[in-house]
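> Sharing a structure, written as structure tokens. Questions coming.
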Amino acid sequence: MSATTAGTTSLAPTTRRLWTRSRGLLAGLLVLLLGGVGLALLRSGDQHGRLDPRSVDRYGSGAVAALLADHGVDTRVVTTTEEAAAAAGPDTTVLVADPNLLTRRQLGSLHQAVGRTAGRTVLLTPGPAALDVFAPGTEARTPTDVKPLPPGCALPAARSAGDAELGGLRYSTSARTADRCYPSDGAATLLRLPSTAGGDTVLLGAPDIFYNRNLTERGNASLALQLLGSHKHLVWYLPSVSDPSSTQDGRRGFFDLIPSGWRWALLQLLVAAALAGFWRARRLGPLVPERLPVTVPAAETTEGHARLYQRAGARDRAADVLRASTRARLAPLTGVSPTHAHTPDILLPAVSARLPSDAETGTALHSLLFGPAPADDKALVTLADQLDHLERSILSPERHDPREHPDS
């Protein structure tokens, strides 16, 4: 019977219930996942070969390399810091396509190599780390939209090119000899800093003038050719995750290979999941009585509780339950209000008055109804017997001789 009852009255959530509750959340996560994959696939085609002088895609830079070749400038593509540092020279321009991917050690090694020459270094959208190494005292401000901007400076290359599509990061510096060109909201989007060795460093807030799709717009082609064609040789440095110098021991961990954009996307997904969980959570309210589908005998319930108490060794809890139940039943029999059933000063005198004079003394009654927890299981059984005898003595005092239990 107990096996049948357990299978019938089980309140554990079924597979259907779990599916009904979680299908909305799972559908939302699936939509987010499919949307992210779709956006990645849509953008992967356009961004293929980005800033690569060998690429003819929209965001490639093959057109710039072809124009430079027509003007006698040879372009060499490198993917490691060692190659870029070794190729630097007085008649060489070093273009770093994404300096923000380089570590401090890589930046320092490259700056040490190009700083000894009279060549040019062009950094595209450099962040704080690259600025600290290549342009101390220069600060990157909040980015702005890429749009046609006037030169706004005396740099010959900028004045010759005229308006060009620049923007992105804006730079401010304390160097007096700097050329602050194509300003936007008071800060330059193209900054040229002369070096003591005779060369210079050019900072560009956005790389759009080098894209194939933008090269024919306004003065983009002229500005790109003059910035990259001032020397006979051009070293086009495309930082790579396979560069051994990117870590101290030549190895990169798994998280080092994940772009920062994916980390932010993962954080956003975790926040969205937490909000969805908070939205779908059900607050635990008060217990609601529910009619059981089968009738469970009171003896089975009592026996089950007793086994639980025994397994947990909770003699104190079992004794408290026995005494509280006895006091609750004795109170109406002795004329005590149920609200004072657990008050010793009120209940004990009333119980003593209903007992024979040679029955339990006040001290014995207090120890029986409000005493400490039993020391062992045998004492707990004795306490239950004494409480039962006391209750029967109140119900039928003429049938029970209290002297039968002198220990009470």
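Identifiers in this document derive from the order of the structure tokens: chains are assigned A, B, ..., residues are numbered from 1 separately in each chain, and ligands are numbered from 1 in order of occurrence.
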Could you pull the residues within 8 Å of Ala118 in chain A, counting only C-alpha atoms, minus those fewer than 4 positions along the same chain, as a PDB file with C-alpha atoms, in the first residue's frame?

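Result file is around-v5.pdb:
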```pdb
ATOM      1  CA  GLY A  89      64.479  51.473 -41.199  1.00  0.00           C
ATOM      2  CA  PRO A  90      65.083  55.123 -42.121  1.00  0.00           C
ATOM      3  CA  ASP A  91      63.370  54.717 -45.522  1.00  0.00           C
ATOM      4  CA  VAL A 114      61.287  52.158 -34.975  1.00  0.00           C
ATOM      5  CA  ALA A 197      65.450  60.737 -34.495  1.00  0.00           C
ATOM      6  CA  GLY A 198      63.981  62.594 -37.456  1.00  0.00           C
ATOM      7  CA  GLY A 199      60.980  60.355 -38.038  1.00  0.00           C
ATOM      8  CA  ASP A 200      57.393  60.774 -36.925  1.00  0.00           C
TER       9      ASP A 200
END
```
> May I have the residues within 7 Å of Ala178 in chain A as a list of chain:residue names, using only C-alpha atoms and disregarding those fewer than 5 positions away in the same chain?
A:Leu191, A:Arg192, A:Leu193, A:Pro194
> Would you tabulate, counting only C-alpha atoms, all residues of range 85-105 of chain A that have an atom at most 9 Å from an atom of range 127-137 of chain A, showing the closest pair of atoms and their distance in Å to one decimal, sorted by chain then ascending number, as a Markdown table?

```
| residue | atom | partner | partner_atom | distance |
| --- | --- | --- | --- | --- |
| A:Pro99 | CA | A:Ala130 | CA | 6.4 |
| A:Asn100 | CA | A:Gly127 | CA | 6.0 |
| A:Leu102 | CA | A:Ala130 | CA | 8.2 |
| A:Thr103 | CA | A:Ala129 | CA | 8.4 |
| A:Arg104 | CA | A:Ala129 | CA | 7.1 |
```
